[in-house]
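**Student:** Input: one structure, supplied below.
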Amino acid sequence: MGSFFLTTAIDYVNSRPHLGTAYEKISADVIARYHRLKGDRTWFLMGNDEHSQNVYKRALEQGKDPLAYCDEMEQVFRDVWGRLDISFDDFIRTTDRRRHFPAVQQMAQACLDRGDIYEGTYEGHYCVGCEEFKPEKDLIDGLCPVHKTRPEWICERNWFFRLSRYQQALLDLYRQQPSFIEPEMRRNEILRFVEGGLDDLSMSRAGQSWGIPLPFDPKSVVYVWFDALINYAAAVGYGWDDAQFREWWPASLHIVGKDITRFHCVIWPAMLMSAGLPLPGQIFGHGWVFFKGERMSKSLGNMVDPLDAARRFGPDPLRLYLTKEVPYGGDGDFTWERFEEKYNADLANNLGNLVNRIAAMTERYRGGRLPAPASGPLTHLAAETTAAYRQAMDRLALHDGVAAAYRLVSGANEFIAETQPWALAKDESQDARLTQVLAEASEAVRIAAVLLSPVMPTASHEIARRMGDSASASWRLDAAASWRTSGDRTVTNSGALWPRLEDKGAIHVSETPAPTPATPSPAAPAPEPVPATAPATAPATAMVEAASAVIPIDDFMKVHLKVARVLEAERVPKSKKLVRLQLDAGEATPRQILAGIAESYEPEALIGRSIVIVANLAPRMMMGMESNGMVLAASPDGGGAIVLDAEPAAPGTRVR
Ligand code: MSP
């Protein structure tokens with residue numbers, strides 16, 4: 001247990017947060033939550049950077065007072081971060097007069113007193129987008145390489161910070177404390193840059209009112225970057241609460257994007273050295289998230305709004321995608337197709353399906369109650385993956401941490417497939433074994449939820465609740481991720497967590513297969529049943545056309561559609577397509593239907609899920625078994641069953 005003070009970059013408020021800025025906050029939130037889970041006293045700081053010329057211009061464009069504009073934007077940012085489940089403890093703004101102004105003025109004065117600030121004249125190309133003077137050699141055809149805009153030529157009397165004086169001290173720092181800059185490739189970039197020599201930094205702007213006045217020259221305001229970096233110290237008391245500052249400073253970790261590591265790894269430590277303050281523990285420069293391989297920008301019109309994903313799926317799937325798919329420190333890419341693909345694979349099919357199956361089978365075979373499991377293969381896997389997870393998370397390899405947790409999820413899925421609880425349930429002599437299998441799997445899933453809780457806080461707590469652990473609010477990693485060998489648990493079956501996103505196709509009814517001989521000869525396997533109506537492979541448009549003959553409502557009402565919950569599902573031997581379903585359709589006894597859906601679903605994946613059936617079809621014999629009804633299906637090839645996942649109605653409910 002220790003104290004952990006974590007920060008992110010503070011955002012310019014000239015536009016709303018987008019997926020790129022959200023990526024940074026999500027990754028930092030995962031780290032903050034991981035530290036809280038470990039029991040560390042954590043202070044997670046975020047905020048807004050408001051003294052930028054672009055912010056000022058945007059406010060004026062909208063006919064607003066700049067401060068009033070920034071107040072509005074604070075609400076926008078807080079709202080977005082809230083919807084993404086970002087658990088910041090503190091939010092600072094650079095217009096904060098109580099905390100930030102005194103801190104900036106005190107640090108400027110401290111650097112002046114140290115002899116590190118002097119007056120001079122500056123001439124150069126200034127890019128307002130970067131809020132930085134650009135050396136001539138960095139311009140491409142006279143344009144800023146980042147913003148592709150022509151910088152302003154500025155010539156003014158400024159105050160300078162003697163950055164050049166700190167070259168050697170910085171190089172010594174990087175060599176003595178290699179973990180000061182992570183990942184390694186960023187450290188190497190910064191080393192090369194500092195070895196090339198450092199110019200002094202213009203740290204004031206003349207003739208502007210939007211900014212913090214210099215205490216020794218109130219007509220000048222502090223340069224936006226010199227101002228912004230100080231937010232980290234200002235938040236915890238620098239310049240206004242010494243006791244608190246001593247308690248929390250230095251920051252343990254600054255999370256920033258790779259484009260602004262120079263400010264954080266070179267200018268910021270030099271400022272702190274000059275002011276005689278301790279240096280932060282580490283600066284981590286994360287990579288960028290691109291959209292279809294391109295930088296997101298307003299001019300390209302390709303800014304992804306993270307709330308689009310959160311509104312459709314809740315914040316967890318987006319948080320998982322960004323943490324699992326982007327190796328932390330490197331760049332990543334986002335496309336909606338890939339996101340949906342990963343949602344189906346990682347959540348609907350893998351974790352969600354696992355939780356569902358365990359809960360449904362425990363409910364069915366054990367009335368929802370399980371004793372603590374004995375040790376088994378999943379016990380070892382849980383211990384091994386937890387150790388790998390901790391190791392990865394401690395070195396900020398967040399993607400490896402998630403991968404370790406997912407090895408446990410996949411292991412539990414394989415365990416279910418191998419042990420086949422549905423088969424054990426048919427054999428009384430396997431009673432104890434079935435109990436152990438279900439208890440072991442549910443404990444493994446509970447531990448996976450503990451490990452995934454920094455990434456998917458909402459879902460993890462829900463999974464834990466379903467697996468009988470309602471104490472997730474007070475989890476501590478050591479105890480919570482340990483295999484529980486005592487205490488009964490109540491497992492709750494509450495429906496699918498993440499409904500599968502089905503392929504987009506015209507909705508149509510897939511007929512039950514035509515009857516085959518009641519008693520197929522063992523020597524000659526029965527032919528594959530064929531659909532009685534339109535072939536399943538007919539194009540979706542043909543389906544719509546065939547269905548377009550108008551019928552009166554009374555005809556429709558003759559068809560009795562009902563919600564049914566899948567109790568058992570297994571392949572029919574010797575058939576490629578048929579699955580035998582035992583369904584709870586709200587009737588006195590389970591109903592059996594044979595459906596041609598085996599090419600779309602692993603039968604077990606359907607257990608516990610709700611589907612819609614046609615309940616008043618005359619019974620038919622297929623492959624020697626009776627089928628009592630038909631399953632509605634919706635997919636272009638006709639093979640998928642409609643699964644009602646969100647909040648399915650009770651079995652037996654009529655669908656109209
Ligand atoms: N205001 C400065 C930071 C001052 S910190 C003392 C700034 N603001 S920003 O709004 O432009 O960017 C905020 C953070 O978001 C930066 O760390 C930046 O690297 C990050 N990102 C902006 N776009 C991004 C992506 N497309 N992908 C990942 N991070 C990105 O810079």
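We name chains A, B, ... following the order of the structure tokens; residues begin at 1 in each chain, and ligands are numbered from 1 as shown.
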Throw together the list of residues within 8 Å of ligand 1, counting only C-alpha atoms and all ligand atoms, and drop it here as a ChimeraX atom specification.
**Tutor:** /A:8-13,17-24,48-50,130,225,228-232,255-260,263-264,286-290,295-296,331
**Student:** So which residues of segment 2-230 of chain A fall under strand (DSSP E) by DSSP, listed as a VMD selection string?
**Tutor:** chain A and resid 3 to 8 11 to 12 41 to 49 90 to 93 117 to 127 132 to 134 152 to 161 181 to 182 201 to 202 204 to 206 213 to 214 217 to 222
**Student:** Return the single residue from A:Lys148, A:His51, A:Arg319, A:Arg114 that is closest to Lys25 of chain A, with distances computed using only C-alpha atoms.
**Tutor:**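 Among A:Lys148, A:His51, A:Arg319, A:Arg114, it is A:Arg319 that comes nearest to Lys25 of chain A.
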**Student:** Would you give me, as an MDAnalysis selection string, the residues in segment 257-355 of chain A that DSSP reads as alpha helix (DSSP H)?
**Tutor:** chainID A and resid 261:262 268:275 306:313 315:325 336:342 353:355
**Student:** Calculated over only C-alpha atoms, which of the candidates A:Met630, A:Ala480, A:Ile31, A:Leu438 has the smallest distance to Leu451 of chain A?
**Tutor:**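 Nearest candidate to Leu451 of chain A out of A:Met630, A:Ala480, A:Ile31, A:Leu438: A:Ala480.
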**Student:** Using only C-alpha atoms, determine which residues lie at most 6 Å from Glu568 of chain A, disregarding the query and same-chain residues fewer than 4 positions distant; provide the list as a list in words.
**Tutor:** Leu581, Gln582 and Ile607 of chain A
**Student:** Write the residues of the preceding selection, restricted to N, CA, C and O atoms, as an mmCIF file, in the first residue's frame.
**Tutor:**
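Here's the written file selection23.cif:
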```
data_model
loop_
_atom_site.group_PDB
_atom_site.id
_atom_site.type_symbol
_atom_site.label_atom_id
_atom_site.label_comp_id
_atom_site.auth_asym_id
_atom_site.auth_seq_id
_atom_site.Cartn_x
_atom_site.Cartn_y
_atom_site.Cartn_z
ATOM 1 N N LEU A 581 -33.572 -28.518 -29.347
ATOM 2 C CA LEU A 581 -33.729 -27.546 -28.263
ATOM 3 C C LEU A 581 -34.782 -28.040 -27.286
ATOM 4 O O LEU A 581 -35.834 -28.526 -27.708
ATOM 5 N N GLN A 582 -34.494 -27.922 -25.991
ATOM 6 C CA GLN A 582 -35.526 -28.101 -24.964
ATOM 7 C C GLN A 582 -35.811 -26.701 -24.447
ATOM 8 O O GLN A 582 -34.891 -25.989 -24.021
ATOM 9 N N ILE A 607 -27.874 -21.791 -24.506
ATOM 10 C CA ILE A 607 -28.486 -22.166 -23.220
ATOM 11 C C ILE A 607 -28.658 -20.923 -22.358
ATOM 12 O O ILE A 607 -27.747 -20.110 -22.211
#
```
**Student:** With a distance cut-off of 8 Å and only C-alpha atoms, select the neighbouring residues of Asp89 of chain A, excluding the residue or stretch itself and same-chain residues fewer than 3 positions from it, and output the selection as a PDB file with C-alpha atoms, in the first residue's frame.
**Tutor:**
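Below is the file result11.pdb, written as the result:
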```
ATOM      1  CA  TRP A  43      -5.336  10.824  -6.350  1.00  0.00           C
ATOM      2  CA  PHE A  44      -6.286  10.857 -10.017  1.00  0.00           C
ATOM      3  CA  LEU A  45      -6.129  14.351 -11.494  1.00  0.00           C
TER       4      LEU A  45
END
```
**Student:** Neighbouring residues of Leu578 of chain A were defined as those with any atom within 7 Å, considering only C-alpha atoms; residues of the same chain fewer than 2 positions away were excluded. Please report them as a list in words.
**Tutor:**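 The contact residues come out as Arg571, Val572, Ser575, Lys576, Arg580, Leu594, Ala595, Gly596, Ile597 and Ala598 of chain A.
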**Student:** Just give me the gap between atom CA of Thr492 of chain A and atom CA of Ala650 of chain A in Å, one decimal is fine.
**Tutor:**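 Interatomic distance here is 15.7 Å.
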